[in-house]
Amino acid sequence: MLVSLENAGICRSEKWLVRGVSMTVDRGEIVTLIGPNGSGKSTTAKMALGVVAADEGVTKRKDKLHAKYVPQKLRLNSNLPLSVTRFLRLTDSADKVQIHSALRATETEHLAAVQMSNLSGGEFQRVMLARAILNSPEFLVLDEPVQGVDYNGEIMLYKLIEDIRDSLNCGILLISHDLHIVMSKTDRVICLNGHVCCSGTPAKVASSQEFKSLFGDRAASGLALYEHHHDHEHLPDGSIRTDKRTKTQNNVSSKNLVSNDVDEANENV
Amino acid sequence: MFDDFFSRALIGGFGVAVVAGPLGCFIIWRRLAYFGDTLSHSALLGVAIALLLELNITLSVFIVSVLVALMLLLLQKRASLSSDALLGLLAHSVLAIGLVALAFMTWVRVDLMGFLFGDILAITTVDLALIWGGGAVVLAFLAKIWRALFAATVSYDLALAEGNKPDQVNLLFMVLMAAVIAVSMKIVGVLLITALLIIPAAAARRFATSPEQMAVIAIILGIVSVYIGLNGSLEFDTPAGPSIVVAALACFVLSVLPVNILRKRTGRSQKNLKDPDVGVS
């Protein structure tokens, strides 16, 4: 166990931002927090890191936990002379080789000498992620890590996050609005809305009534389509071999067209 | 060489510049430019308390400065006001409290200015020892907490989450600042110490690409300002402290001009000139 929260909550100005959160993050797993704006996702992440102390409940962290944090917002004062390389060394010492490999993983090695204030939004997020994976942390908290990153970059970075989990065997607490990606890459999902609405495996959460009422039927059906991805395969000509739904349809070709579009999107993911 | 008042002023000024350079960088990075002024206002209260309780004035000023610095730290954590508003609030409040306190002490008939504002040309050998000895201690502490303090300056949350102790280093930084300002205000004057904190660091910003570099450049520019300012004051018979500040300002103006010309040649930096926050937000 790296981090555990038991019935934890944060109260500010007599209002509970989030309450009754119980969760654990272990090595080698990605736990994702989803929920609407203001549902307490970032607050829960900060509680897990110990940045804010829980006002009730119990929070436990492994002793000398090597954690890295990608906050949702980091506004750097423009008075700071800070290159990407120095930023990577902010809380950790690292040699050139380690820095280079972290930057290469996020495809930002060409930015090593650039000042942080000169980065674009997407480049900034990639560098944030590079800093987070430097020196193989045990516990990563990524609060909307791919905001502002272009589409291909987004896919690459989510793949990277998955790779980090596997290669470094670290625990990852992820906050994301990309429900499709969340559901395909995550081991456990916790759905927040001021409290834990539902939690469990992605499939279980997607089919739960709480999830549907929080995100609407469209999100749920979108995820159902994703699950659907596993129950058929493609022949070389693009037609589908074992799809129960298409077999029962008369107009097979048009249905194939729809399925193909969905599958392409999922494969990119 | 310490016999000559001008040499003492020069060496004392260099000492202040060496300590003020790195501390001033943090003042700029943390947007605490009015910190020096706030502490100089609070010094009046320190003097009043010293006269009332018959304490050593420098010690009393230092204690009041530390308390004001701690108050700022506490308010930064608790109140939903920005640092500049808090500094303004503290500065004027302590000044007013100091004046009210002195008004109650009807028996006090002293030249407050003499207590508060030193003159760099009147530096004694003891002052020199205090500047360089105390300065070495301050710089040793600062070097020890440098990385953690910088991380806490970039982001408090990030530093805390990743195993630093931002509260501890912030506290130590505030105490160091209070000590430097309280001591050097009496020796070299309030205008000179607050100016040497801010102006060389501000001028260094344009040349620096890393925080450590900025601190070193700020020290060099501070020393250059002291040298030019003091010699200028000797040459033109102008007041010493203000002359040093004018020299520092000249450094700043020079620093702004050529760097902008250089920057226009690189496309990346050019867009940043218009809006420094554009890449970050």
# chains A, B, ... in the order shown; residues from 1 in each chain; ligands from 1
call {"tool": "interface_residues", "arguments": {"of": "chain A", "to": "chain B", "cutoff": "7 Å", "atoms": "only C-alpha atoms", "output": "VMD selection string"}}
result
chain A and resid 49 to 51 66 to 69 75 to 83 90 to 91 117 to 121
call {"tool": "residues_around", "arguments": {"residues": "Thr58 in chain B", "least_positions_apart": "3", "cutoff": "7 Å", "atoms": "only C-alpha atoms", "output": "PyMOL selection string"}}
result
chain B and resi 61-62+182-183
call {"tool": "write_last_selection", "arguments": {"atoms": "N, CA and C atoms", "output": "compact mmCIF listing (two decimals), in the first residue's frame"}}
result
# COMPACT_ATOMS: atom_id res chain seq x y z
N VAL B 61 14.64 46.13 17.52
CA VAL B 61 14.20 46.29 16.12
C VAL B 61 14.17 44.92 15.42
N PHE B 62 15.19 44.11 15.69
CA PHE B 62 15.24 42.78 15.09
C PHE B 62 14.05 41.93 15.53
N ALA B 182 17.03 44.55 9.65
CA ALA B 182 17.11 45.23 10.94
C ALA B 182 18.52 45.70 11.22
N VAL B 183 19.50 44.86 10.91
CA VAL B 183 20.89 45.21 11.22
C VAL B 183 21.42 46.25 10.25
call {"tool": "residues_around", "arguments": {"residues": "Thr186 in chain A", "least_positions_apart": "6", "cutoff": "9 Å", "atoms": "only C-alpha atoms", "output": "PyMOL selection string"}}
result
chain A and resi 29-32+162+174+201-202
call {"tool": "write_last_selection", "arguments": {"atoms": "N, CA and C atoms", "output": "mmCIF file, in the first residue's frame"}}
result
data_model
loop_
_atom_site.group_PDB
_atom_site.id
_atom_site.type_symbol
_atom_site.label_atom_id
_atom_site.label_comp_id
_atom_site.auth_asym_id
_atom_site.auth_seq_id
_atom_site.Cartn_x
_atom_site.Cartn_y
_atom_site.Cartn_z
ATOM 1 N N GLU A 29 -0.675 0.108 -9.981
ATOM 2 C CA GLU A 29 -2.060 0.291 -10.423
ATOM 3 C C GLU A 29 -2.372 1.758 -10.694
ATOM 4 N N ILE A 30 -3.273 1.959 -11.644
ATOM 5 C CA ILE A 30 -3.753 3.304 -11.945
ATOM 6 C C ILE A 30 -5.156 3.446 -11.377
ATOM 7 N N VAL A 31 -5.303 4.363 -10.452
ATOM 8 C CA VAL A 31 -6.622 4.663 -9.907
ATOM 9 C C VAL A 31 -7.028 6.019 -10.469
ATOM 10 N N THR A 32 -8.217 6.085 -11.039
ATOM 11 C CA THR A 32 -8.640 7.328 -11.674
ATOM 12 C C THR A 32 -9.817 7.935 -10.941
ATOM 13 N N GLU A 162 0.659 4.622 -18.888
ATOM 14 C CA GLU A 162 0.442 3.189 -18.736
ATOM 15 C C GLU A 162 1.792 2.451 -18.663
ATOM 16 N N LEU A 174 -4.825 9.303 -10.999
ATOM 17 C CA LEU A 174 -5.041 10.116 -12.198
ATOM 18 C C LEU A 174 -6.387 10.822 -12.108
ATOM 19 N N THR A 201 -14.056 -1.456 -10.865
ATOM 20 C CA THR A 201 -13.426 -1.573 -12.178
ATOM 21 C C THR A 201 -14.173 -0.669 -13.156
ATOM 22 N N PRO A 202 -13.495 -0.247 -14.233
ATOM 23 C CA PRO A 202 -14.158 0.633 -15.207
ATOM 24 C C PRO A 202 -15.492 0.075 -15.700
#
call {"tool": "atom_distance", "arguments": {"atom1": "CA of Asp143 in chain A", "atom2": "CA of Pro71 in chain A"}}
result
5.3 Å
call {"tool": "residues_around", "arguments": {"residues": "Val126 in chain B", "least_positions_apart": "3", "cutoff": "12 Å", "atoms": "only C-alpha atoms", "output": "list in words"}}
result
Phe2, Arg8, Gly12, Ala122, Ile123, Ala129, Leu130, Ile131, Trp132, Gly133, Gly134 and Ile187 of chain B
call {"tool": "write_last_selection", "arguments": {"atoms": "N, CA and C atoms", "output": "PDB file, in the first residue's frame"}}
result
ATOM      1  N   PHE B   2      41.378  50.039   6.902  1.00  0.00           N
ATOM      2  CA  PHE B   2      40.109  50.332   7.570  1.00  0.00           C
ATOM      3  C   PHE B   2      40.108  51.702   8.227  1.00  0.00           C
ATOM      4  N   ARG B   8      36.191  52.009   4.445  1.00  0.00           N
ATOM      5  CA  ARG B   8      35.215  51.288   5.284  1.00  0.00           C
ATOM      6  C   ARG B   8      33.841  51.286   4.607  1.00  0.00           C
ATOM      7  N   GLY B  12      32.098  47.892   3.562  1.00  0.00           N
ATOM      8  CA  GLY B  12      30.782  47.644   4.148  1.00  0.00           C
ATOM      9  C   GLY B  12      29.710  47.519   3.069  1.00  0.00           C
ATOM     10  N   ALA B 122      29.487  56.535   7.702  1.00  0.00           N
ATOM     11  CA  ALA B 122      29.811  56.536   9.128  1.00  0.00           C
ATOM     12  C   ALA B 122      30.069  55.124   9.652  1.00  0.00           C
ATOM     13  N   ILE B 123      30.290  54.170   8.747  1.00  0.00           N
ATOM     14  CA  ILE B 123      30.505  52.785   9.164  1.00  0.00           C
ATOM     15  C   ILE B 123      31.775  52.676  10.016  1.00  0.00           C
ATOM     16  N   ALA B 129      32.678  44.283  10.896  1.00  0.00           N
ATOM     17  CA  ALA B 129      32.707  42.909  11.408  1.00  0.00           C
ATOM     18  C   ALA B 129      31.299  42.340  11.438  1.00  0.00           C
ATOM     19  N   LEU B 130      30.344  43.178  11.860  1.00  0.00           N
ATOM     20  CA  LEU B 130      28.940  42.734  11.937  1.00  0.00           C
ATOM     21  C   LEU B 130      28.413  42.403  10.540  1.00  0.00           C
ATOM     22  N   ILE B 131      28.700  43.284   9.563  1.00  0.00           N
ATOM     23  CA  ILE B 131      28.201  43.067   8.196  1.00  0.00           C
ATOM     24  C   ILE B 131      28.773  41.778   7.611  1.00  0.00           C
ATOM     25  N   TRP B 132      30.118  41.628   7.699  1.00  0.00           N
ATOM     26  CA  TRP B 132      30.724  40.467   7.036  1.00  0.00           C
ATOM     27  C   TRP B 132      30.519  39.189   7.840  1.00  0.00           C
ATOM     28  N   GLY B 133      30.613  39.273   9.177  1.00  0.00           N
ATOM     29  CA  GLY B 133      30.391  38.085  10.009  1.00  0.00           C
ATOM     30  C   GLY B 133      28.945  37.633   9.931  1.00  0.00           C
ATOM     31  N   GLY B 134      28.042  38.586  10.173  1.00  0.00           N
ATOM     32  CA  GLY B 134      26.618  38.267  10.108  1.00  0.00           C
ATOM     33  C   GLY B 134      26.222  37.842   8.709  1.00  0.00           C
ATOM     34  N   ILE B 187      22.950  50.510  10.010  1.00  0.00           N
ATOM     35  CA  ILE B 187      24.324  50.796   9.587  1.00  0.00           C
ATOM     36  C   ILE B 187      24.370  51.607   8.292  1.00  0.00           C
TER      37      ILE B 187
END
call {"tool": "closest_residue", "arguments": {"among": "B:Ala96, B:Ala203, B:Ala143, B:Leu192", "to": "Leu176 in chain B", "atoms": "only C-alpha atoms"}}
result
B:Ala143
call {"tool": "select_by_dssp", "arguments": {"residues": "range 31-202 of chain A", "states": "helix (DSSP H, G or I)", "output": "VMD selection string"}}
result
chain A and resid 41 to 49 84 to 88 96 to 105 109 to 111 116 to 118 121 to 133 151 to 168 179 to 185 202
call {"tool": "select_by_dssp", "arguments": {"residues": "range 21-195 of chain A", "states": "strand (DSSP E)", "output": "PyMOL selection string"}}
result
chain A and resi 21-25+30-34+56-61+67-70+139-143+171-175+188-192
